[in-house]
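Novice: This one is target-v7.csv, CSV, C-alpha atoms.
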```csv
chain,number,residue,atom,x,y,z
T,1,MET,CA,-7.3,-27.6,35.8
T,2,VAL,CA,-10.5,-25.6,36.2
T,3,LEU,CA,-10.6,-22.3,34.3
T,4,ASP,CA,-12.1,-19.2,35.9
T,5,ASN,CA,-12.8,-15.8,34.6
T,6,LEU,CA,-9.8,-14.2,36.3
T,7,THR,CA,-7.4,-16.7,34.5
T,8,LEU,CA,-9.1,-15.9,31.1
T,9,LEU,CA,-9.0,-12.2,31.7
T,10,PHE,CA,-5.4,-12.3,32.8
T,11,SER,CA,-4.6,-14.3,29.5
T,12,LEU,CA,-6.2,-11.6,27.5
T,13,ALA,CA,-4.3,-8.8,29.4
T,14,LEU,CA,-1.0,-10.6,29.0
T,15,THR,CA,-1.3,-11.4,25.2
T,16,SER,CA,-2.6,-7.9,24.4
T,17,GLY,CA,0.2,-6.3,26.4
T,18,LEU,CA,2.9,-8.5,24.8
T,19,MET,CA,1.6,-7.8,21.3
T,20,ALA,CA,1.5,-4.0,22.1
T,21,LEU,CA,5.1,-4.2,23.3
T,22,SER,CA,6.1,-6.2,20.1
T,23,LEU,CA,4.5,-3.7,17.8
T,24,ALA,CA,6.0,-0.7,19.6
T,25,VAL,CA,9.5,-2.3,19.4
T,26,THR,CA,9.2,-3.2,15.7
T,27,SER,CA,7.7,0.1,14.6
T,28,ARG,CA,10.1,2.7,13.1
T,29,GLN,CA,10.4,6.2,14.6
T,30,GLY,CA,8.6,8.7,12.5
T,31,GLN,CA,7.2,6.1,10.1
T,32,CYS,CA,3.5,6.7,9.4
T,33,ASP,CA,2.5,3.0,9.0
T,34,GLY,CA,0.0,2.7,11.8
T,35,LEU,CA,2.1,0.3,13.9
T,36,ARG,CA,2.4,2.7,16.8
T,37,LEU,CA,-1.3,3.4,16.8
T,38,TRP,CA,-2.1,-0.3,16.7
T,39,ALA,CA,0.3,-0.8,19.6
T,40,ALA,CA,-1.5,1.9,21.5
T,41,ALA,CA,-4.8,0.2,20.8
T,42,LEU,CA,-3.5,-3.1,22.2
T,43,ALA,CA,-2.2,-1.3,25.2
T,44,CYS,CA,-5.7,0.1,25.9
T,45,GLU,CA,-7.1,-3.4,25.6
T,46,SER,CA,-4.5,-4.9,27.9
T,47,LEU,CA,-5.3,-2.2,30.5
T,48,ALA,CA,-9.1,-3.0,30.1
T,49,TRP,CA,-8.5,-6.7,30.7
T,50,THR,CA,-6.2,-5.9,33.6
T,51,LEU,CA,-9.0,-3.9,35.2
T,52,GLY,CA,-11.2,-6.9,34.7
T,53,THR,CA,-8.9,-9.0,36.9
T,54,LEU,CA,-9.2,-6.3,39.6
T,55,ARG,CA,-13.0,-6.1,39.6
T,56,GLU,CA,-13.3,-7.3,43.2
T,57,SER,CA,-11.1,-4.4,44.3
T,58,ILE,CA,-12.8,-1.7,42.3
T,59,PRO,CA,-16.4,-0.5,42.6
T,60,GLN,CA,-18.5,-2.3,40.0
T,61,ILE,CA,-19.9,0.9,38.4
T,62,TRP,CA,-16.3,2.2,37.8
T,63,SER,CA,-14.8,-1.1,36.6
T,64,VAL,CA,-17.6,-1.8,34.0
T,65,LEU,CA,-17.4,1.8,32.8
T,66,LEU,CA,-13.6,1.9,32.5
T,67,ILE,CA,-13.3,-1.6,30.9
T,68,ASN,CA,-15.8,-0.9,28.2
T,69,LEU,CA,-14.5,2.6,27.5
T,70,PHE,CA,-10.9,1.3,27.2
T,71,ILE,CA,-12.0,-1.5,24.8
T,72,SER,CA,-14.1,0.9,22.7
T,73,THR,CA,-11.3,3.4,22.6
T,74,ALA,CA,-8.9,0.7,21.4
T,75,GLN,CA,-11.2,-0.1,18.4
T,76,ALA,CA,-11.3,3.6,17.5
T,77,ILE,CA,-7.5,3.8,17.6
T,78,LYS,CA,-7.2,0.6,15.5
T,79,LEU,CA,-9.4,2.4,12.9
T,80,GLY,CA,-7.0,5.3,13.0
T,81,ALA,CA,-4.1,2.9,12.5
T,82,VAL,CA,-5.6,1.5,9.3
T,83,TYR,CA,-6.3,5.0,8.0
T,84,GLU,CA,-2.7,6.0,8.7
T,85,TYR,CA,-1.4,2.9,7.0
T,86,ARG,CA,-3.4,3.7,3.9
T,87,ASP,CA,-2.1,7.4,4.0
T,88,LEU,CA,-5.7,8.6,4.4
T,89,PRO,CA,-6.9,11.3,6.9
T,90,TRP,CA,-8.2,9.7,10.1
T,91,PRO,CA,-11.9,10.7,10.6
T,92,ARG,CA,-11.4,11.1,14.4
T,93,TRP,CA,-14.9,12.4,15.2
T,94,ARG,CA,-16.6,9.5,13.3
T,95,SER,CA,-14.2,7.1,15.1
T,96,LEU,CA,-15.1,8.6,18.5
T,97,LEU,CA,-18.9,8.5,18.0
T,98,PRO,CA,-19.2,4.7,19.0
T,99,VAL,CA,-17.0,5.5,22.1
T,100,LEU,CA,-19.5,8.3,23.0
T,101,ALA,CA,-22.4,5.8,22.3
T,102,MET,CA,-20.8,3.3,24.7
T,103,LEU,CA,-20.5,6.0,27.4
T,104,LEU,CA,-24.1,6.9,26.9
T,105,VAL,CA,-25.2,3.2,27.2
T,106,LEU,CA,-23.2,2.8,30.5
T,107,ILE,CA,-24.6,6.1,31.9
T,108,VAL,CA,-28.3,5.7,30.8
T,109,LEU,CA,-28.8,2.1,31.7
T,110,PRO,CA,-28.8,1.4,35.5
T,111,ALA,CA,-25.9,-0.6,36.9
T,112,GLU,CA,-28.1,-3.5,37.8
T,113,ASP,CA,-29.2,-3.9,34.2
T,114,PHE,CA,-26.1,-5.8,33.3
T,115,ARG,CA,-27.9,-7.8,30.5
T,116,GLY,CA,-29.0,-4.6,28.8
T,117,ARG,CA,-25.6,-3.2,29.0
T,118,LEU,CA,-24.1,-6.3,27.6
T,119,ILE,CA,-26.5,-6.3,24.6
T,120,TYR,CA,-26.3,-2.6,23.7
T,121,GLY,CA,-22.5,-2.6,24.4
T,122,SER,CA,-22.0,-5.5,22.0
T,123,LEU,CA,-24.0,-3.7,19.4
T,124,VAL,CA,-21.6,-0.7,19.7
T,125,TYR,CA,-18.7,-3.1,19.3
T,126,ILE,CA,-20.3,-4.6,16.2
T,127,VAL,CA,-20.6,-1.2,14.7
T,128,GLN,CA,-16.9,-0.5,15.5
T,129,PHE,CA,-15.6,-3.8,14.0
T,130,ALA,CA,-17.8,-3.2,10.9
T,131,MET,CA,-16.2,0.2,10.5
T,132,LEU,CA,-12.8,-1.4,10.9
T,133,ALA,CA,-13.6,-4.0,8.3
T,134,ARG,CA,-14.8,-1.3,5.9
T,135,ALA,CA,-11.6,0.6,6.3
T,136,LEU,CA,-9.7,-2.6,5.6
T,137,ARG,CA,-11.4,-2.9,2.2
T,138,PHE,CA,-8.2,-2.2,0.3
T,139,GLU,CA,-8.1,-2.2,-3.5
T,140,ARG,CA,-7.8,-5.7,-4.9
T,141,ALA,CA,-4.2,-5.2,-6.0
T,142,ALA,CA,-3.1,-4.6,-2.4
T,143,ARG,CA,-4.8,-7.6,-0.9
T,144,SER,CA,-2.0,-9.8,0.3
T,145,GLY,CA,-1.8,-12.7,2.6
T,146,ALA,CA,-1.3,-10.4,5.6
T,147,TRP,CA,-4.3,-8.4,4.5
T,148,TRP,CA,-6.5,-11.5,4.5
T,149,LEU,CA,-5.2,-12.4,7.9
T,150,ILE,CA,-6.2,-9.1,9.6
T,151,TYR,CA,-9.4,-8.7,7.5
T,152,GLY,CA,-10.5,-12.3,8.3
T,153,ALA,CA,-9.7,-11.8,12.0
T,154,THR,CA,-11.8,-8.6,12.1
T,155,LEU,CA,-14.8,-10.2,10.4
T,156,ALA,CA,-14.6,-13.2,12.6
T,157,VAL,CA,-15.2,-11.1,15.7
T,158,LEU,CA,-18.7,-10.1,14.4
T,159,PRO,CA,-20.4,-13.5,14.8
T,160,ILE,CA,-18.7,-13.9,18.2
T,161,LEU,CA,-20.3,-10.6,19.3
T,162,ALA,CA,-23.6,-11.8,17.9
T,163,LEU,CA,-23.3,-14.9,20.0
T,164,ARG,CA,-22.5,-12.7,23.0
T,165,ILE,CA,-25.8,-10.8,22.4
T,166,ALA,CA,-27.7,-14.1,22.1
T,167,PHE,CA,-26.1,-15.4,25.3
T,168,ALA,CA,-27.1,-12.3,27.2
T,169,TRP,CA,-30.6,-12.2,25.7
T,170,HIS,CA,-31.4,-15.8,26.9
T,171,SER,CA,-29.7,-15.4,30.3
T,172,PRO,CA,-31.5,-14.4,33.5
T,173,ALA,CA,-31.5,-10.8,34.7
T,174,ASN,CA,-29.0,-11.6,37.4
T,175,ILE,CA,-26.3,-12.6,35.0
T,176,GLU,CA,-23.6,-10.4,36.6
T,177,PRO,CA,-23.0,-12.7,39.7
T,178,GLN,CA,-22.3,-15.6,37.3
T,179,LEU,CA,-19.1,-13.9,36.1
T,180,THR,CA,-17.4,-14.6,39.4
T,181,GLN,CA,-18.0,-18.3,39.1
T,182,SER,CA,-16.5,-20.8,36.7
T,183,PRO,CA,-17.2,-19.7,33.1
T,184,SER,CA,-19.6,-21.5,30.8
T,185,SER,CA,-18.5,-23.2,27.6
T,186,ALA,CA,-19.8,-20.2,25.7
T,187,GLN,CA,-17.7,-17.8,27.8
T,188,VAL,CA,-14.6,-19.9,27.3
T,189,MET,CA,-15.2,-20.0,23.6
T,190,VAL,CA,-15.6,-16.2,23.5
T,191,PHE,CA,-12.4,-15.6,25.5
T,192,VAL,CA,-10.3,-18.1,23.6
T,193,SER,CA,-11.5,-16.7,20.3
T,194,LEU,CA,-10.7,-13.1,21.4
T,195,ILE,CA,-7.2,-14.2,22.3
T,196,ALA,CA,-6.6,-15.9,19.0
T,197,LEU,CA,-8.1,-13.1,16.9
T,198,ASN,CA,-6.1,-10.5,18.9
T,199,LEU,CA,-3.0,-12.4,18.0
T,200,LEU,CA,-4.0,-12.8,14.4
T,201,GLY,CA,-4.9,-9.2,14.0
T,202,ALA,CA,-1.7,-7.9,15.5
T,203,LEU,CA,0.4,-10.4,13.5
T,204,GLY,CA,-1.5,-9.3,10.3
T,205,PHE,CA,-0.7,-5.7,10.9
T,206,ILE,CA,3.0,-6.4,11.6
T,207,LEU,CA,3.1,-8.3,8.3
T,208,LEU,CA,1.4,-5.5,6.5
T,209,GLY,CA,4.1,-3.1,7.7
T,210,LYS,CA,6.8,-5.6,6.6
T,211,GLU,CA,5.2,-6.0,3.2
T,212,ARG,CA,5.1,-2.2,2.8
T,213,ALA,CA,8.8,-1.9,3.7
T,214,GLU,CA,9.7,-4.6,1.2
T,215,ARG,CA,7.8,-2.8,-1.5
T,216,GLU,CA,9.6,0.5,-0.7
T,217,ILE,CA,13.0,-1.3,-0.9
T,218,ARG,CA,12.0,-2.9,-4.3
T,219,LYS,CA,10.8,0.5,-5.5
T,220,LEU,CA,14.1,2.2,-4.5
T,221,ALA,CA,16.0,-0.5,-6.4
T,222,MET,CA,13.9,0.0,-9.6
T,223,VAL,CA,13.1,3.7,-9.7
T,224,ASP,CA,15.4,6.5,-10.8
T,225,GLY,CA,15.7,8.8,-7.8
T,226,LEU,CA,15.4,12.1,-9.7
T,227,THR,CA,12.7,11.5,-12.3
T,228,GLY,CA,10.6,8.7,-10.6
T,229,ILE,CA,10.7,6.5,-13.7
T,230,LEU,CA,12.5,3.2,-14.2
T,231,ASN,CA,16.2,3.2,-13.7
T,232,ARG,CA,18.6,1.6,-16.2
T,233,ARG,CA,18.8,-1.8,-14.5
T,234,ALA,CA,15.0,-2.1,-14.0
T,235,PHE,CA,14.4,-0.9,-17.6
T,236,MET,CA,16.7,-3.5,-19.0
T,237,ASP,CA,15.1,-6.3,-17.0
T,238,ARG,CA,11.7,-5.2,-18.2
T,239,ALA,CA,12.9,-5.0,-21.8
T,240,GLU,CA,14.2,-8.6,-21.7
T,241,GLN,CA,10.9,-9.8,-20.4
T,242,GLU,CA,9.0,-7.9,-23.1
T,243,LEU,CA,11.2,-9.1,-25.9
T,244,ALA,CA,10.7,-12.7,-24.7
T,245,GLY,CA,7.0,-12.2,-24.8
T,246,ALA,CA,7.1,-10.5,-28.2
T,247,LEU,CA,9.1,-13.4,-29.7
T,248,ARG,CA,6.8,-16.0,-28.1
T,249,ASN,CA,3.6,-14.3,-29.4
T,250,ARG,CA,5.2,-13.3,-32.7
T,251,GLN,CA,4.5,-9.6,-32.1
T,252,PRO,CA,6.6,-6.5,-33.1
T,253,LEU,CA,8.5,-4.6,-30.5
T,254,SER,CA,9.7,-1.0,-30.8
T,255,LEU,CA,12.2,1.0,-28.8
T,256,LEU,CA,12.5,4.8,-28.6
T,257,MET,CA,15.8,6.2,-27.4
T,258,PHE,CA,16.0,10.0,-27.0
T,259,ASP,CA,18.1,12.6,-25.3
T,260,ILE,CA,17.7,16.3,-24.6
T,261,ASP,CA,19.4,18.5,-27.2
T,262,HIS,CA,22.2,20.7,-25.9
T,263,PHE,CA,21.7,19.6,-22.3
T,264,LYS,CA,25.2,20.6,-21.3
T,265,ARG,CA,24.5,24.1,-22.4
T,266,ILE,CA,21.4,24.2,-20.2
T,267,ASN,CA,23.5,23.2,-17.2
T,268,ASP,CA,26.2,25.7,-18.0
T,269,GLU,CA,23.8,28.6,-18.6
T,270,TYR,CA,21.1,28.0,-16.0
T,271,GLY,CA,22.8,25.7,-13.5
T,272,HIS,CA,22.5,22.1,-12.5
T,273,ALA,CA,19.4,22.6,-10.5
T,274,ALA,CA,17.7,23.9,-13.6
T,275,GLY,CA,19.0,20.9,-15.5
T,276,ASP,CA,17.5,18.5,-13.0
T,277,MET,CA,14.2,20.4,-13.2
T,278,VAL,CA,14.3,19.9,-17.0
T,279,LEU,CA,14.8,16.2,-16.6
T,280,VAL,CA,12.0,15.9,-14.2
T,281,GLU,CA,9.5,17.9,-16.2
T,282,ILE,CA,10.4,16.2,-19.5
T,283,SER,CA,9.9,12.8,-17.8
T,284,ARG,CA,6.5,13.8,-16.4
T,285,LEU,CA,5.4,15.4,-19.7
T,286,LEU,CA,6.2,12.3,-21.7
T,287,ALA,CA,5.0,9.7,-19.2
T,288,GLN,CA,1.5,11.2,-19.4
T,289,ARG,CA,1.4,10.4,-23.2
T,290,LEU,CA,2.4,6.7,-22.9
T,291,ARG,CA,0.2,3.7,-22.6
T,292,LYS,CA,-0.1,1.6,-19.5
T,293,GLN,CA,1.9,-1.3,-21.1
T,294,ASP,CA,4.7,0.9,-22.2
T,295,SER,CA,8.0,1.0,-20.2
T,296,PHE,CA,9.8,4.3,-19.6
T,297,GLY,CA,13.3,4.4,-18.2
T,298,ARG,CA,16.2,6.7,-17.7
T,299,TYR,CA,19.1,5.1,-19.5
T,300,GLY,CA,21.7,7.5,-18.2
T,301,GLY,CA,22.3,11.3,-17.8
T,302,GLU,CA,19.9,13.0,-20.2
T,303,GLU,CA,19.3,9.9,-22.2
T,304,PHE,CA,16.0,8.0,-21.9
T,305,CYS,CA,14.4,4.9,-23.4
T,306,ILE,CA,10.7,4.0,-24.1
T,307,LEU,CA,9.7,0.4,-24.9
T,308,LEU,CA,6.6,-0.1,-26.9
T,309,PRO,CA,5.2,-3.7,-26.9
T,310,ALA,CA,3.1,-4.8,-29.9
T,311,THR,CA,4.0,-1.7,-31.8
T,312,GLU,CA,5.2,-1.6,-35.4
T,313,GLU,CA,7.5,1.1,-37.0
T,314,SER,CA,4.6,3.3,-38.1
T,315,GLY,CA,3.1,3.4,-34.7
T,316,ALA,CA,6.4,4.0,-33.0
T,317,ARG,CA,7.2,6.9,-35.4
T,318,ALA,CA,3.8,8.4,-34.8
T,319,LEU,CA,4.2,8.4,-31.1
T,320,ALA,CA,7.8,9.6,-31.3
T,321,GLU,CA,6.6,12.6,-33.4
T,322,ASN,CA,3.9,13.3,-30.9
T,323,LEU,CA,6.4,13.3,-28.0
T,324,ARG,CA,8.9,15.4,-29.9
T,325,GLN,CA,6.3,18.1,-30.7
T,326,ALA,CA,5.0,18.1,-27.1
T,327,VAL,CA,8.5,18.9,-25.8
T,328,GLU,CA,9.2,21.5,-28.5
T,329,VAL,CA,6.1,23.6,-27.7
T,330,ARG,CA,6.6,23.3,-23.9
T,331,GLN,CA,8.2,26.3,-22.1
T,332,LEU,CA,9.9,25.2,-18.9
T,333,VAL,CA,10.3,27.7,-16.1
T,334,ALA,CA,13.5,27.6,-13.9
T,335,GLY,CA,13.4,30.4,-11.4
T,336,GLU,CA,12.9,33.6,-13.5
T,337,ALA,CA,14.2,31.9,-16.7
T,338,SER,CA,12.0,30.3,-19.4
T,339,ILE,CA,13.8,27.4,-21.1
T,340,SER,CA,13.0,26.0,-24.5
T,341,VAL,CA,14.0,22.4,-24.9
T,342,THR,CA,14.0,19.9,-27.8
T,343,ILE,CA,14.7,16.2,-28.0
T,344,SER,CA,16.2,13.9,-30.7
T,345,ILE,CA,14.7,10.4,-31.0
T,346,GLY,CA,16.1,7.2,-32.5
T,347,ILE,CA,13.8,4.2,-33.1
T,348,GLY,CA,14.8,0.5,-33.2
T,349,VAL,CA,12.1,-1.9,-34.3
T,350,CYS,CA,12.0,-5.7,-34.2
T,351,GLN,CA,9.3,-7.0,-36.7
T,352,THR,CA,9.0,-10.5,-35.1
T,353,PHE,CA,6.5,-12.0,-37.5
T,354,CYS,CA,8.4,-15.3,-38.3
T,355,ALA,CA,8.2,-18.5,-36.4
T,356,ASP,CA,12.0,-18.8,-35.9
T,357,CYS,CA,13.5,-15.5,-34.8
T,358,HIS,CA,16.7,-14.9,-32.8
T,359,VAL,CA,17.0,-11.3,-31.5
T,360,ASP,CA,18.5,-10.1,-28.3
T,361,PHE,CA,17.6,-6.7,-26.8
T,362,ASN,CA,21.2,-5.4,-27.1
T,363,ARG,CA,20.8,-5.5,-30.9
T,364,ILE,CA,17.6,-3.5,-30.8
T,365,LEU,CA,19.3,-1.1,-28.4
T,366,LYS,CA,22.3,-0.6,-30.7
T,367,ASP,CA,20.0,0.1,-33.6
T,368,ALA,CA,18.0,2.7,-31.6
T,369,ASP,CA,21.3,4.3,-30.5
T,370,ARG,CA,22.6,4.4,-34.1
T,371,ALA,CA,19.3,6.0,-35.1
T,372,LEU,CA,19.6,8.6,-32.3
T,373,TYR,CA,23.1,9.4,-33.5
T,374,GLN,CA,21.7,10.0,-37.1
T,375,SER,CA,19.0,12.2,-35.7
T,376,LYS,CA,21.7,14.3,-33.9
T,377,ALA,CA,23.9,14.4,-37.0
T,378,ALA,CA,20.9,15.6,-39.2
T,379,GLY,CA,20.4,18.7,-37.0
T,380,ARG,CA,18.6,17.4,-33.9
T,381,ASN,CA,14.9,17.8,-32.9
T,382,ARG,CA,13.9,15.1,-35.3
T,383,VAL,CA,13.0,11.4,-35.4
T,384,VAL,CA,15.0,8.7,-37.2
T,385,SER,CA,14.0,5.0,-37.3
T,386,LEU,CA,15.9,1.9,-38.2
T,387,PRO,CA,13.6,-1.2,-38.5
T,388,LEU,CA,15.6,-4.2,-37.4
T,389,GLY,CA,13.5,-6.8,-39.1
T,390,CYS,CA,13.9,-10.5,-38.3
T,391,ALA,CA,17.0,-12.4,-37.6
T,392,PRO,CA,16.8,-16.2,-38.1
T,393,VAL,CA,18.2,-18.6,-35.6
T,394,PRO,CA,21.8,-19.4,-36.5
T,395,ALA,CA,22.4,-22.9,-37.8
```
Could you show the structure in this file as structure tokens?
Specialist:
Amino acid sequence: MVLDNLTLLFSLALTSGLMALSLAVTSRQGQCDGLRLWAAALACESLAWTLGTLRESIPQIWSVLLINLFISTAQAIKLGAVYEYRDLPWPRWRSLLPVLAMLLVLIVLPAEDFRGRLIYGSLVYIVQFAMLARALRFERAARSGAWWLIYGATLAVLPILALRIAFAWHSPANIEPQLTQSPSSAQVMVFVSLIALNLLGALGFILLGKERAEREIRKLAMVDGLTGILNRRAFMDRAEQELAGALRNRQPLSLLMFDIDHFKRINDEYGHAAGDMVLVEISRLLAQRLRKQDSFGRYGGEEFCILLPATEESGARALAENLRQAVEVRQLVAGEASISVTISIGIGVCQTFCADCHVDFNRILKDADRALYQSKAAGRNRVVSLPLGCAPVPA
């Protein structure tokens, strides 16, 4: 079977249209993840390639103008999709500048100068794909397999456009009539590459959206809905991992358990909304004073836990006093009321310095809870620690 340009253009129109439909169907209503914008971009491309198959029925000056404007607009919309996915403001005017440049090229250069239009138009596309690649420069932690797929597909278009410029540069001035004949090997390569990269780019963006949805689900399963810190289950899982690491590396591990003094009275006097506000503000206040490696979780109600890896009793006590004082001097505002709050803190410490140590986290937790009870019994708003020491492996 002999390929012709109409077949290749129809293939591009079909694949772009199907991918646009797939993205539109899989995107969620009201979700700002860029999928709908990427679908709109692919729809623009599909319309451009469809116009290409109808070039014999449309005046050349209009077909060339519309095809290039639709493709250039599609790239601007893709740029907007990436910005929306990253929750960044879309610089619309900067995105539209290449589209205006494309329009200027098509208006200024005469219709018979197809080679010039091809060269300068390709340069505009190179700028647009470079802008897209720059917008896709996510922080290293966010670079997943899907990211590499879409980023690689975007970068791969740049050498293809460079080859397109080289092809036009070394072609005769009457290159336009050749497009109605059987395509050259270079043209076939460009078309097939564009089809493949379109598929890869769209697939990469779908997978990016899927990865974000999975991250949100994992976050909901791990985070306390009110305070935004770890929930009890996630904290306990993290604690087991940290304890295993502490025992393996023969390092100490400290646990702070605290609750808000007279919290029921706050709810009764100021209302449950004010009580929730106190929980949120205390969580935010203390989280700012913790190290990156520390784990902060809501254990239940007004009770919280803070896990301190590689921290001995003296360090845990110093931090606990710092946190207690920070809460004591803070005035919380609930409506027109100013609320003074204090916390009581119990500390459990595992001094894992021996080679053979058998400690489970529940034992540390019970000691911290017992220390918290002693803190309450001693008058509240104070710190009590109970060093656990080392428990040898049972014979």
Novice: Which of these, T:Trp169, T:Phe129, T:Trp62, T:Phe205, has the shortest distance to Leu155 of chain T once you count only C-alpha atoms?
Specialist: T:Phe129
Novice: Which residue gives the smallest distance to Ser11 of chain T among T:Ala101, T:Ser63, T:Leu199, T:Tyr373, with all atoms listed in the file counted?
Specialist: T:Leu199
Novice: How many Å lie between atom CA of Arg382 of chain T and atom CA of Ile345 of chain T, rounded to one decimal?
Specialist: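 For atom CA of Arg382 of chain T relative to atom CA of Ile345 of chain T, the distance reads 6.4 Å.
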Novice: Which residue is closest to Phe10 of chain T? Choose from T:Glu242, T:Glu45, T:Glu303, T:Asp113 and count all atoms listed in the file.
Specialist: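 Checking each of T:Glu242, T:Glu45, T:Glu303, T:Asp113 against Phe10 of chain T, counting all atoms listed in the file, the winner is T:Glu45.
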Novice: Using only C-alpha atoms, pick whichever of T:Leu163, T:Ile195, T:Ala378, T:Leu149 has the shortest atom-to-atom distance to Ser46 of chain T.
Specialist: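 Going through T:Leu163, T:Ile195, T:Ala378, T:Leu149 one by one, the smallest distance to Ser46 of chain T is for T:Ile195.
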Novice: Using only C-alpha atoms, find all polymer residues with an atom at most 8 Å away from the point (-16.9, -7.8, 18.6); report them as a PyMOL selection string.
Specialist: chain T and resi 122+125-126+128-129+157-162
Novice: How would you write as a list in words the residues that get within 8 Å of (1.0, -0.1, 4.7) in the file's frame, counting all atoms listed in the file?
Specialist: Asp33, Gly34, Tyr85, Arg86, Leu208, Gly209, Glu211 and Arg212 of chain T
Novice: Restricting the calculation to all atoms listed in the file, which member of T:Cys44, T:Tyr151, T:Tyr299, T:Glu240 is positioned closest to Asn362 of chain T?
Specialist: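 Closest to Asn362 of chain T, using all atoms listed in the file: T:Glu240.
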Novice: Nearest to Ala371 of chain T among T:Ala318, T:Met257, T:Met277, T:Ile339, with distances taken over only C-alpha atoms: which residue is it?
Specialist: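 Residue with the minimum atom-to-atom distance to Ala371 of chain T: T:Met257.
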Novice: For Thr311 of chain T, find every residue with an atom within 12 Å (counting only C-alpha atoms), except residues of its own chain fewer than 5 positions away, and show them as a VMD selection string.
Specialist: chain T and resid 242 to 243 246 250 to 256 291 293 to 294 306 316 to 320 347 to 352 387
Novice: Write the residues of the preceding selection, restricted to C-alpha atoms, as a PDB file, in the frame of the given file.
Specialist:
```pdb
ATOM      1  CA  GLU T 242       9.000  -7.900 -23.100  1.00  0.00           C
ATOM      2  CA  LEU T 243      11.200  -9.100 -25.900  1.00  0.00           C
ATOM      3  CA  ALA T 246       7.100 -10.500 -28.200  1.00  0.00           C
ATOM      4  CA  ARG T 250       5.200 -13.300 -32.700  1.00  0.00           C
ATOM      5  CA  GLN T 251       4.500  -9.600 -32.100  1.00  0.00           C
ATOM      6  CA  PRO T 252       6.600  -6.500 -33.100  1.00  0.00           C
ATOM      7  CA  LEU T 253       8.500  -4.600 -30.500  1.00  0.00           C
ATOM      8  CA  SER T 254       9.700  -1.000 -30.800  1.00  0.00           C
ATOM      9  CA  LEU T 255      12.200   1.000 -28.800  1.00  0.00           C
ATOM     10  CA  LEU T 256      12.500   4.800 -28.600  1.00  0.00           C
ATOM     11  CA  ARG T 291       0.200   3.700 -22.600  1.00  0.00           C
ATOM     12  CA  GLN T 293       1.900  -1.300 -21.100  1.00  0.00           C
ATOM     13  CA  ASP T 294       4.700   0.900 -22.200  1.00  0.00           C
ATOM     14  CA  ILE T 306      10.700   4.000 -24.100  1.00  0.00           C
ATOM     15  CA  ALA T 316       6.400   4.000 -33.000  1.00  0.00           C
ATOM     16  CA  ARG T 317       7.200   6.900 -35.400  1.00  0.00           C
ATOM     17  CA  ALA T 318       3.800   8.400 -34.800  1.00  0.00           C
ATOM     18  CA  LEU T 319       4.200   8.400 -31.100  1.00  0.00           C
ATOM     19  CA  ALA T 320       7.800   9.600 -31.300  1.00  0.00           C
ATOM     20  CA  ILE T 347      13.800   4.200 -33.100  1.00  0.00           C
ATOM     21  CA  GLY T 348      14.800   0.500 -33.200  1.00  0.00           C
ATOM     22  CA  VAL T 349      12.100  -1.900 -34.300  1.00  0.00           C
ATOM     23  CA  CYS T 350      12.000  -5.700 -34.200  1.00  0.00           C
ATOM     24  CA  GLN T 351       9.300  -7.000 -36.700  1.00  0.00           C
ATOM     25  CA  THR T 352       9.000 -10.500 -35.100  1.00  0.00           C
ATOM     26  CA  PRO T 387      13.600  -1.200 -38.500  1.00  0.00           C
TER      27      PRO T 387
END
```
Novice: Which value, in Å to one decimal, gives the distance between atom CA of Gly204 of chain T and atom CA of Met222 of chain T?
Specialist: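 Atom-to-atom, atom CA of Gly204 of chain T and atom CA of Met222 of chain T are spaced 26.8 Å apart.
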